[in-house]
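Student: The structure file start_21.csv (CSV, C-alpha atoms) is provided below.
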chain,number,residue,atom,x,y,z
A,216,MET,CA,0.0,0.0,0.0
A,217,MET,CA,2.8,2.4,1.0
A,218,MET,CA,4.7,1.5,-2.2
A,219,LYS,CA,1.6,2.3,-4.3
A,220,ARG,CA,1.2,5.7,-2.6
A,221,LEU,CA,4.9,6.5,-3.2
A,222,LEU,CA,4.6,5.5,-6.9
A,223,PHE,CA,1.4,7.6,-7.3
A,224,ALA,CA,3.2,10.6,-5.7
A,225,TRP,CA,6.2,10.2,-8.0
A,226,LEU,CA,4.0,9.9,-11.0
A,227,LEU,CA,2.2,13.1,-10.1
A,228,MET,CA,5.5,14.9,-9.8
A,229,VAL,CA,6.9,13.5,-13.1
A,230,LEU,CA,3.7,14.3,-15.0
A,231,GLY,CA,3.6,17.8,-13.7
A,232,TRP,CA,0.6,18.0,-11.4
A,233,PRO,CA,0.1,19.8,-9.1
A,234,GLU,CA,2.3,22.8,-10.0
A,235,GLY,CA,3.2,23.3,-6.4
A,236,ALA,CA,5.5,20.3,-6.5
A,237,TRP,CA,8.1,22.5,-8.3
A,238,ALA,CA,10.2,25.2,-6.8
A,239,GLN,CA,9.6,28.8,-7.9
A,240,GLY,CA,11.1,29.5,-11.4
A,241,GLN,CA,11.1,25.9,-12.5
A,242,SER,CA,8.7,24.7,-15.2
A,243,PRO,CA,6.1,22.2,-14.0
A,244,GLY,CA,6.0,18.9,-15.8
A,245,ILE,CA,8.6,17.4,-18.1
A,246,ALA,CA,10.0,19.7,-20.7
A,247,ALA,CA,9.7,18.8,-24.4
A,248,ALA,CA,13.5,18.5,-24.7
A,249,GLU,CA,13.7,16.0,-21.8
A,250,LEU,CA,10.8,14.0,-23.2
A,251,PHE,CA,12.5,13.7,-26.6
A,252,ARG,CA,15.7,12.9,-24.9
A,253,TRP,CA,14.3,10.1,-22.9
A,254,MET,CA,12.4,8.8,-25.9
A,255,GLY,CA,15.7,8.8,-27.9
A,256,ILE,CA,17.6,7.1,-25.1
A,257,PHE,CA,14.9,4.4,-24.8
A,258,ALA,CA,14.8,3.8,-28.5
A,259,ALA,CA,18.6,3.7,-28.9
A,260,VAL,CA,19.2,1.3,-26.1
A,261,LEU,CA,16.3,-0.9,-27.2
A,262,GLY,CA,17.5,-0.8,-30.8
A,263,ILE,CA,21.1,-1.8,-29.9
A,264,GLY,CA,19.8,-4.7,-27.7
A,265,TRP,CA,17.3,-5.8,-30.3
A,266,LEU,CA,19.9,-5.9,-33.1
A,267,VAL,CA,22.5,-7.8,-31.1
A,268,LEU,CA,19.9,-10.3,-29.8
A,269,ASN,CA,18.2,-10.8,-33.2
A,270,HIS,CA,21.3,-11.0,-35.4
A,271,TRP,CA,23.9,-12.7,-33.2
A,272,VAL,CA,22.0,-14.6,-30.5
A,273,LEU,CA,18.6,-15.7,-31.8
A,274,ARG,CA,19.1,-15.7,-35.6
A,275,ASN,CA,19.3,-19.5,-36.1
A,276,ARG,CA,16.4,-20.2,-33.7
A,277,LEU,CA,14.0,-17.7,-35.3
A,278,PRO,CA,11.8,-18.4,-38.4
A,279,ARG,CA,13.4,-16.5,-41.4
A,280,ALA,CA,10.3,-14.3,-42.0
A,281,PHE,CA,10.2,-13.3,-38.3
A,282,TYR,CA,13.9,-12.5,-38.4
A,283,HIS,CA,13.5,-10.1,-41.3
A,284,TRP,CA,10.5,-8.4,-39.7
A,285,ALA,CA,12.5,-8.1,-36.5
A,286,MET,CA,15.4,-6.6,-38.5
A,287,LEU,CA,13.1,-4.0,-39.9
A,288,LEU,CA,12.2,-3.0,-36.4
A,289,GLY,CA,15.8,-2.9,-35.2
A,290,LEU,CA,17.2,-1.2,-38.3
A,291,PHE,CA,14.4,1.2,-39.2
A,292,ALA,CA,11.7,1.8,-36.6
A,293,LEU,CA,13.8,2.1,-33.5
A,294,PRO,CA,16.7,4.0,-35.1
A,295,ALA,CA,14.1,6.4,-36.6
A,296,LEU,CA,12.6,6.9,-33.2
A,297,ALA,CA,16.1,7.5,-31.7
A,298,LEU,CA,16.9,9.9,-34.5
A,299,MET,CA,13.7,11.8,-34.0
A,300,GLY,CA,14.4,12.0,-30.3
A,301,ALA,CA,18.0,13.2,-30.8
A,302,VAL,CA,17.1,15.8,-33.5
A,303,GLU,CA,14.1,17.2,-31.6
A,304,PHE,CA,16.2,17.2,-28.4
A,305,MET,CA,18.8,19.2,-30.2
A,306,PHE,CA,16.3,21.7,-31.7
A,307,GLU,CA,14.7,22.3,-28.3
A,308,GLU,CA,18.1,22.4,-26.5
A,309,THR,CA,19.7,24.9,-28.9
A,310,LYS,CA,17.0,27.4,-28.0
A,311,THR,CA,18.4,27.8,-24.5
A,312,VAL,CA,21.0,30.4,-23.5
A,313,ALA,CA,22.9,27.6,-21.7
A,314,SER,CA,23.4,25.8,-24.9
A,315,CYS,CA,24.9,28.9,-26.6
A,316,ASN,CA,27.1,29.3,-23.6
A,317,THR,CA,28.6,25.8,-24.0
A,318,CYS,CA,31.0,27.3,-26.5
A,319,HIS,CA,33.5,29.4,-24.7
A,320,VAL,CA,33.6,31.8,-27.6
A,321,MET,CA,30.0,32.9,-26.6
A,322,ALA,CA,30.8,33.4,-22.9
A,323,PRO,CA,31.6,37.2,-23.2
A,324,PHE,CA,28.2,37.8,-24.9
A,325,VAL,CA,26.3,35.7,-22.3
A,326,GLU,CA,28.1,37.3,-19.4
A,327,ASP,CA,27.4,40.8,-20.7
A,328,MET,CA,23.8,39.9,-21.3
A,329,GLN,CA,23.4,38.7,-17.7
A,330,ASP,CA,25.4,41.6,-16.2
A,331,PRO,CA,22.9,43.9,-14.3
A,332,HIS,CA,25.0,47.0,-15.0
A,333,SER,CA,25.5,46.5,-18.7
A,334,ALA,CA,23.9,49.0,-21.1
A,335,THR,CA,23.9,46.8,-24.2
A,336,LEU,CA,20.6,46.0,-25.9
A,337,ALA,CA,20.9,42.4,-25.0
A,338,ALA,CA,21.5,43.1,-21.3
A,339,ARG,CA,18.5,45.6,-21.2
A,340,HIS,CA,16.2,43.0,-22.8
A,341,PHE,CA,17.4,40.4,-20.4
A,342,ARG,CA,17.3,42.6,-17.3
A,343,ASN,CA,13.8,44.0,-17.9
A,344,LYS,CA,12.5,40.6,-19.0
A,345,TRP,CA,11.4,42.1,-22.4
A,346,ILE,CA,12.4,38.6,-23.6
A,347,PRO,CA,11.6,36.4,-20.7
A,348,GLU,CA,13.4,33.3,-21.9
A,349,LYS,CA,15.5,31.8,-24.7
A,350,GLN,CA,17.0,35.3,-25.3
A,351,CYS,CA,19.7,34.3,-27.8
A,352,TYR,CA,17.2,32.3,-29.9
A,353,ALA,CA,14.6,35.0,-29.9
A,354,CYS,CA,16.8,37.5,-31.7
A,355,HIS,CA,19.0,35.3,-33.8
A,356,THR,CA,16.6,33.0,-35.6
A,357,THR,CA,15.4,34.8,-38.7
A,358,TYR,CA,16.3,31.8,-40.9
A,359,GLY,CA,13.1,29.9,-40.6
A,360,LEU,CA,11.6,27.1,-38.5
A,361,HIS,CA,14.5,24.7,-38.5
A,362,GLY,CA,16.9,26.6,-40.6
A,363,THR,CA,17.9,26.9,-44.2
A,364,LEU,CA,20.7,25.0,-45.8
A,365,ALA,CA,22.9,28.1,-45.5
A,366,ALA,CA,22.2,28.3,-41.7
A,367,LYS,CA,23.1,24.6,-41.4
A,368,ARG,CA,26.3,25.1,-43.4
A,369,ASP,CA,27.3,28.1,-41.2
A,370,GLY,CA,26.4,26.1,-38.0
A,371,PHE,CA,28.7,23.2,-39.2
A,372,ARG,CA,31.5,25.7,-40.1
A,373,HIS,CA,31.2,27.3,-36.6
A,374,TRP,CA,31.3,23.9,-34.9
A,375,LEU,CA,34.3,22.9,-37.0
A,376,LEU,CA,36.2,26.1,-36.1
A,377,TYR,CA,35.4,25.6,-32.5
A,378,VAL,CA,36.4,21.9,-32.1
A,379,THR,CA,39.6,22.6,-34.1
A,380,ARG,CA,40.3,25.7,-32.1
A,381,SER,CA,41.0,27.6,-35.3
A,382,TRP,CA,38.8,30.7,-34.9
A,383,ASN,CA,40.1,34.2,-34.6
A,384,GLU,CA,39.5,36.4,-31.6
A,385,PRO,CA,37.7,38.7,-31.3
A,386,ILE,CA,35.0,37.1,-33.3
A,387,ARG,CA,33.0,39.4,-35.6
A,388,TYR,CA,29.5,38.9,-37.0
A,389,ALA,CA,29.9,38.3,-40.7
A,390,GLY,CA,26.3,38.7,-41.7
A,391,ALA,CA,23.8,41.5,-41.4
A,392,PHE,CA,21.3,41.6,-38.6
A,393,PRO,CA,17.8,42.0,-40.1
A,394,ASN,CA,15.5,44.6,-38.5
A,395,VAL,CA,12.7,42.1,-38.6
A,396,SER,CA,14.1,40.6,-35.5
A,397,CYS,CA,13.4,43.9,-33.7
A,398,LEU,CA,10.3,44.9,-35.6
A,399,ALA,CA,8.6,41.5,-34.9
A,400,CYS,CA,8.0,42.7,-31.4
A,401,HIS,CA,8.3,46.5,-31.5
A,402,ASP,CA,6.5,47.5,-34.8
A,403,GLY,CA,3.0,48.7,-34.2
A,404,THR,CA,3.4,49.3,-30.4
A,405,SER,CA,2.4,52.7,-29.1
A,406,ALA,CA,6.0,53.2,-27.7
A,407,PHE,CA,7.4,52.6,-31.2
A,408,GLN,CA,4.9,54.8,-33.0
A,409,GLY,CA,5.4,57.5,-30.5
A,410,VAL,CA,8.9,58.2,-31.7
A,411,PRO,CA,8.6,60.5,-34.8
A,412,ALA,CA,11.9,59.2,-36.3
A,413,HIS,CA,10.4,55.7,-36.5
A,414,GLY,CA,7.6,57.0,-38.6
A,415,ALA,CA,9.9,58.9,-40.9
A,416,LEU,CA,12.2,55.9,-41.3
A,417,LEU,CA,9.7,53.1,-41.3
A,418,THR,CA,10.2,52.1,-45.0
A,419,ASP,CA,13.9,52.2,-44.6
A,420,LEU,CA,13.7,50.2,-41.4
A,421,ARG,CA,11.5,47.6,-42.9
A,422,SER,CA,13.7,47.2,-45.9
A,423,ASP,CA,16.9,47.1,-43.8
A,424,ARG,CA,18.3,50.2,-45.4
A,425,VAL,CA,18.7,51.7,-41.9
A,426,ALA,CA,19.7,49.4,-39.0
A,427,CYS,CA,17.8,49.7,-35.7
A,428,THR,CA,21.2,49.3,-34.0
A,429,SER,CA,22.6,52.4,-35.6
A,430,CYS,CA,20.5,54.4,-33.0
A,431,HIS,CA,19.9,51.8,-30.4
A,432,GLY,CA,23.2,49.9,-30.2
A,433,PRO,CA,25.4,48.4,-29.3
A,434,PRO,CA,23.6,45.0,-29.1
A,435,HIS,CA,26.6,43.3,-27.5
A,436,PRO,CA,29.9,44.4,-26.1
A,437,THR,CA,32.3,45.6,-28.8
A,438,PRO,CA,35.4,43.5,-29.7
A,439,LEU,CA,37.5,45.9,-27.6
A,440,GLU,CA,35.2,45.5,-24.6
A,441,ARG,CA,35.3,41.7,-24.9
A,442,PHE,CA,39.1,41.6,-24.6
A,443,PRO,CA,39.2,42.0,-20.8
A,444,LEU,CA,36.7,39.2,-20.5
A,445,LEU,CA,38.6,37.0,-22.9
A,446,SER,CA,41.9,37.5,-21.0
A,447,SER,CA,40.2,36.5,-17.7
A,448,GLY,CA,41.0,33.1,-16.2
A,449,LEU,CA,37.5,31.7,-16.9
A,450,LEU,CA,37.9,32.3,-20.6
A,451,ARG,CA,41.5,31.3,-21.0
A,452,GLN,CA,40.6,28.6,-23.5
A,453,ALA,CA,39.3,31.2,-26.0
A,454,THR,CA,42.8,32.6,-26.7
A,455,VAL,CA,43.6,35.1,-29.4
A,456,LYS,CA,45.2,33.5,-32.5
B,118,MET,CA,33.2,-16.7,-51.0
B,119,THR,CA,29.6,-17.8,-51.8
B,120,ILE,CA,26.9,-15.2,-52.6
B,121,GLU,CA,25.1,-16.2,-49.4
B,122,ALA,CA,28.2,-15.7,-47.3
B,123,LYS,CA,28.8,-12.3,-49.0
B,124,THR,CA,25.2,-11.3,-48.4
B,125,ASP,CA,25.5,-12.3,-44.8
B,126,ARG,CA,28.7,-10.3,-44.3
B,127,LEU,CA,27.1,-7.2,-45.8
B,128,LEU,CA,24.1,-7.7,-43.6
B,129,SER,CA,26.3,-7.9,-40.5
B,130,ALA,CA,28.2,-4.8,-41.7
B,131,ALA,CA,24.8,-2.9,-41.9
B,132,ILE,CA,24.0,-4.0,-38.4
B,133,VAL,CA,27.4,-3.0,-37.0
B,134,LEU,CA,27.0,0.4,-38.7
B,135,ALA,CA,23.5,0.8,-37.2
B,136,ILE,CA,24.8,-0.1,-33.7
B,137,ALA,CA,27.7,2.3,-34.0
B,138,GLY,CA,25.3,5.0,-35.1
B,139,LEU,CA,22.9,4.3,-32.2
B,140,VAL,CA,25.9,4.3,-29.7
B,141,CYS,CA,26.9,7.8,-31.1
B,142,LEU,CA,23.3,9.1,-30.8
B,143,LEU,CA,23.2,7.6,-27.3
B,144,ALA,CA,26.4,9.5,-26.3
B,145,PHE,CA,24.8,12.8,-27.4
B,146,LEU,CA,21.5,12.1,-25.7
B,147,LEU,CA,23.2,11.1,-22.4
B,148,ARG,CA,25.8,13.9,-22.4
B,149,GLY,CA,23.5,16.7,-23.6
B,150,PHE,CA,24.4,19.6,-25.9
B,151,THR,CA,28.1,20.2,-26.0
B,152,ALA,CA,30.5,20.7,-28.9
B,153,TRP,CA,32.0,17.2,-28.8
B,154,SER,CA,28.7,15.4,-28.2
B,155,VAL,CA,27.0,17.2,-31.1
B,156,GLY,CA,29.9,16.2,-33.3
B,157,ILE,CA,29.8,12.5,-32.3
B,158,GLY,CA,26.1,12.2,-32.0
B,159,ILE,CA,24.8,14.2,-34.9
B,160,PHE,CA,27.7,14.7,-37.4
B,161,LEU,CA,28.9,11.1,-37.0
B,162,GLY,CA,25.9,9.1,-35.7
B,163,VAL,CA,23.4,10.3,-38.3
B,164,PRO,CA,25.6,9.4,-41.4
B,165,LEU,CA,26.4,6.0,-39.8
B,166,LEU,CA,22.7,5.3,-39.3
B,167,LEU,CA,21.9,6.5,-42.8
B,168,SER,CA,24.6,4.3,-44.4
B,169,ALA,CA,23.3,1.3,-42.4
B,170,PHE,CA,19.8,1.9,-43.8
B,171,VAL,CA,21.1,2.2,-47.4
B,172,LEU,CA,23.4,-0.8,-47.1
B,173,TYR,CA,20.6,-3.0,-45.7
B,174,VAL,CA,18.2,-2.0,-48.4
B,175,LEU,CA,20.7,-2.6,-51.1
B,176,VAL,CA,21.7,-6.0,-49.8
B,177,VAL,CA,18.1,-7.1,-49.3
B,178,VAL,CA,17.0,-5.8,-52.8
B,179,ARG,CA,20.0,-7.6,-54.4
B,180,ASP,CA,19.2,-10.8,-52.6
B,181,LEU,CA,15.5,-10.7,-53.5
B,182,ARG,CA,16.5,-10.1,-57.2
B,183,ARG,CA,18.9,-13.0,-57.2
B,184,ARG,CA,16.1,-15.2,-55.8
B,185,GLY,CA,13.7,-13.9,-58.5
B,186,ALA,CA,11.3,-12.3,-56.0
B,187,LEU,CA,11.7,-8.9,-57.5
Mind turning the file's structure into C-alpha cells?
Tutor:
Amino acid sequence: MMMKRLLFAWLLMVLGWPEGAWAQGQSPGIAAAELFRWMGIFAAVLGIGWLVLNHWVLRNRLPRAFYHWAMLLGLFALPALALMGAVEFMFEETKTVASCNTCHVMAPFVEDMQDPHSATLAARHFRNKWIPEKQCYACHTTYGLHGTLAAKRDGFRHWLLYVTRSWNEPIRYAGAFPNVSCLACHDGTSAFQGVPAHGALLTDLRSDRVACTSCHGPPHPTPLERFPLLSSGLLRQATVK
Amino acid sequence: MTIEAKTDRLLSAAIVLAIAGLVCLLAFLLRGFTAWSVGIGIFLGVPLLLSAFVLYVLVVVRDLRRRGAL
C-alpha cells in the first residue's frame, strides 16, 4: 500500500501536477526537450539490444520471416525513433541560453547579457524581461523554423572552427542583422509609434536600409570591450590567435 | 566466398553500422548539448545510421532479385 502511494506521488511529480511540486522558477511537468531525450535514449538502447539479440543470438532459432520483420524494427523503426528524439532534443536544447554558452567563444556575450550593470541592448532586454526566456534564440533565428541550408552550413562551419580551435578572436558577426528581429515585437506598439523618427524611417527600417542598432546599439559588447573578458582566467581557452 | 556468405557479411556490416550510429546518438543524448557530443552524435551518428539503412536496403534488394522475388 505504501509503495503504491509513493509510486502515485512520484507519477504526479513527473507528470507535472500539481504545479506546487516545483520550486519557484522551475517549469512544471517534463520539458519537451527532456521528453524527446528520454524517448531517444529508450529507442537507442532498445535498438542496440534488439539488433544484437536478433542477429547474433537468436538468428538461427527464429523463423526466417520473423527474423526479417525483427530486423526492420531494429534497423528502421527504433533508429528512426532514436533519431527523432535526438534531433528534436537538439532543436529544443539549442534554443536555450545555456546551450549557446557551452561554446567558450560565446561566454563574453552571455556574461554581458546577464550583467545587471551593462547598457547593451541584449542586457537591457534580459534585465527587464522584455524577452523572458531563450533570449539568444529570440533575436538570432530569422532563418526559418528549423533553418535553411545556408544556416546549417554556417552552423557546421562554426562547430568545426570551435572543435579545431581555429577561430580568430575577437569574433565578428559576418552577416547583417535584419531589422525584422526587432520589428517583430516593436513594430505597431504605441511606444514605437510615439517616436517621430520611427515613422519617418519606417520604410527604410522595414527594408533594412537603416539598421535599428545604428541608433539603439550596441547590441553586444564591442570587440575591444570583450578583450578584458577574454583574458580572464575563466575564458582562457578562447585565446587570441 | 559464396553469394550467401557475402550477403550475410554485408548484412552484418549494416547492423554494425547501425549499432555504431545508435551508440553515437546515445552518447549525445546522455551527455547533452556540448560541442563534442553534437559532433559525435549528430555529425557522425546520423551518417552512420543512414549508411546502415542504405546498405541494408541494397543488400536485401539484391538478394531478392537474385532469388527472383523482385
Student: Would you write out, as a Markdown table, a table of all residues in chain A that have an atom no more than 6 Å from an atom of chain B, listing for each the closest atom pair and the distance in Å to one decimal, considering all atoms listed in the file and ordering rows by chain and rising residue number?
Tutor:
| residue | atom | partner | partner_atom | distance |
| --- | --- | --- | --- | --- |
| A:Arg252 | CA | B:Leu146 | CA | 5.9 |
| A:Ala259 | CA | B:Leu139 | CA | 5.5 |
| A:Ile263 | CA | B:Ile136 | CA | 5.6 |
| A:Thr317 | CA | B:Thr151 | CA | 6.0 |
Student: Rounded to one decimal place, report the CA of Gly262 (chain A)-CA of Leu293 (chain A) distance in Å.
Tutor: 5.4 Å
Student: Grab the CA of Arg184 (chain B) to CA of His270 (chain A) distance for me, in Å with one decimal place.
Tutor: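 Computing the Euclidean distance for CA of Arg184 (chain B) and CA of His270 (chain A) yields 21.5 Å.
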Student: Counting all atoms listed in the file, what are the residues of region 328-374 of chain A within 10 Å of region 396-413 of chain A, and for each of them which pair of atoms is the nearest and at what distance in Å, to one decimal? Sort the table by chain and rising number, as CSV.
Tutor:
residue,atom,partner,partner_atom,distance
A:Trp345,CA,A:Cys400,CA,9.6
A:Ile346,CA,A:Cys400,CA,9.8
A:Ala353,CA,A:Ser396,CA,7.9
A:Cys354,CA,A:Ser396,CA,5.6
A:His355,CA,A:Ser396,CA,7.4
A:Thr356,CA,A:Ser396,CA,8.0
A:Thr357,CA,A:Ser396,CA,6.8
Student: Within 7 Å of Phe251 (chain A), counting all atoms listed in the file, which residues show up once you throw out same-chain ones fewer than 3 positions away? Write them as JSON, numbers by chain, please.
Tutor: {"A": [247, 248, 254, 255, 300, 301, 303, 304]}
Student: Between CA of Lys367 (chain A) and CA of Ala297 (chain A), what is the spacing in Å?
Tutor: 20.9 Å
Student: Residues within 12 Å of (29.1, 48.0, -26.1), file coordinates, counting all atoms listed in the file: what are they? Give the list as a ChimeraX atom specification.
Tutor: /A:323-324,327-328,332-339,428,431-442
Student: Near Val176 (chain B), within 10 Å and counting all atoms listed in the file, which residues show up once chain neighbours fewer than 5 positions away are dropped, as a count of residues only?
Tutor: 10
Student: Need the shell around Ser422 (chain A): protein/DNA/RNA residues with any atom at most 12 Å away, counting all atoms listed in the file. Skip same-chain ones fewer than 4 positions apart. Format as a count of residues only?
Tutor: 10
Student: Fix up region 129-148 of chain B with N, CA and C atoms, then write it as a short mmCIF file (atom, residue, chain, number, x, y, z; two decimals), in the coordinates of the input.
Tutor:
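Final output, selection26.cif:
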data_model
loop_
_atom_site.label_atom_id
_atom_site.label_comp_id
_atom_site.auth_asym_id
_atom_site.auth_seq_id
_atom_site.Cartn_x
_atom_site.Cartn_y
_atom_site.Cartn_z
N SER B 129 25.65 -8.12 -41.85
CA SER B 129 26.30 -7.90 -40.50
C SER B 129 26.95 -6.51 -40.51
N ALA B 130 27.53 -6.10 -41.64
CA ALA B 130 28.20 -4.80 -41.70
C ALA B 130 27.11 -3.68 -41.49
N ALA B 131 25.93 -3.87 -42.11
CA ALA B 131 24.80 -2.90 -41.90
C ALA B 131 24.42 -2.81 -40.48
N ILE B 132 24.37 -3.96 -39.83
CA ILE B 132 24.00 -4.00 -38.40
C ILE B 132 25.02 -3.33 -37.53
N VAL B 133 26.29 -3.60 -37.83
CA VAL B 133 27.40 -3.00 -37.00
C VAL B 133 27.33 -1.46 -37.21
N LEU B 134 27.09 -1.01 -38.46
CA LEU B 134 27.00 0.40 -38.70
C LEU B 134 25.83 1.04 -37.92
N ALA B 135 24.69 0.33 -37.92
CA ALA B 135 23.50 0.80 -37.20
C ALA B 135 23.78 0.90 -35.70
N ILE B 136 24.44 -0.13 -35.17
CA ILE B 136 24.80 -0.10 -33.70
C ILE B 136 25.72 1.01 -33.40
N ALA B 137 26.73 1.20 -34.26
CA ALA B 137 27.70 2.30 -34.00
C ALA B 137 26.97 3.65 -34.07
N GLY B 138 26.05 3.80 -35.03
CA GLY B 138 25.30 5.00 -35.10
C GLY B 138 24.43 5.27 -33.89
N LEU B 139 23.80 4.20 -33.42
CA LEU B 139 22.90 4.30 -32.20
C LEU B 139 23.77 4.63 -30.97
N VAL B 140 24.97 4.05 -30.89
CA VAL B 140 25.90 4.30 -29.70
C VAL B 140 26.25 5.83 -29.76
N CYS B 141 26.54 6.35 -30.96
CA CYS B 141 26.90 7.80 -31.10
C CYS B 141 25.71 8.66 -30.66
N LEU B 142 24.52 8.30 -31.15
CA LEU B 142 23.30 9.10 -30.80
C LEU B 142 23.12 9.03 -29.26
N LEU B 143 23.35 7.83 -28.71
CA LEU B 143 23.20 7.60 -27.30
C LEU B 143 24.13 8.52 -26.48
N ALA B 144 25.37 8.62 -26.96
CA ALA B 144 26.40 9.50 -26.30
C ALA B 144 25.89 10.92 -26.25
N PHE B 145 25.32 11.39 -27.37
CA PHE B 145 24.80 12.80 -27.40
C PHE B 145 23.62 12.94 -26.49
N LEU B 146 22.71 11.95 -26.50
CA LEU B 146 21.50 12.10 -25.70
C LEU B 146 21.83 12.01 -24.18
N LEU B 147 22.83 11.21 -23.83
CA LEU B 147 23.20 11.10 -22.40
C LEU B 147 24.00 12.29 -21.94
N ARG B 148 24.90 12.79 -22.80
CA ARG B 148 25.80 13.90 -22.40
C ARG B 148 25.13 15.25 -22.49
#
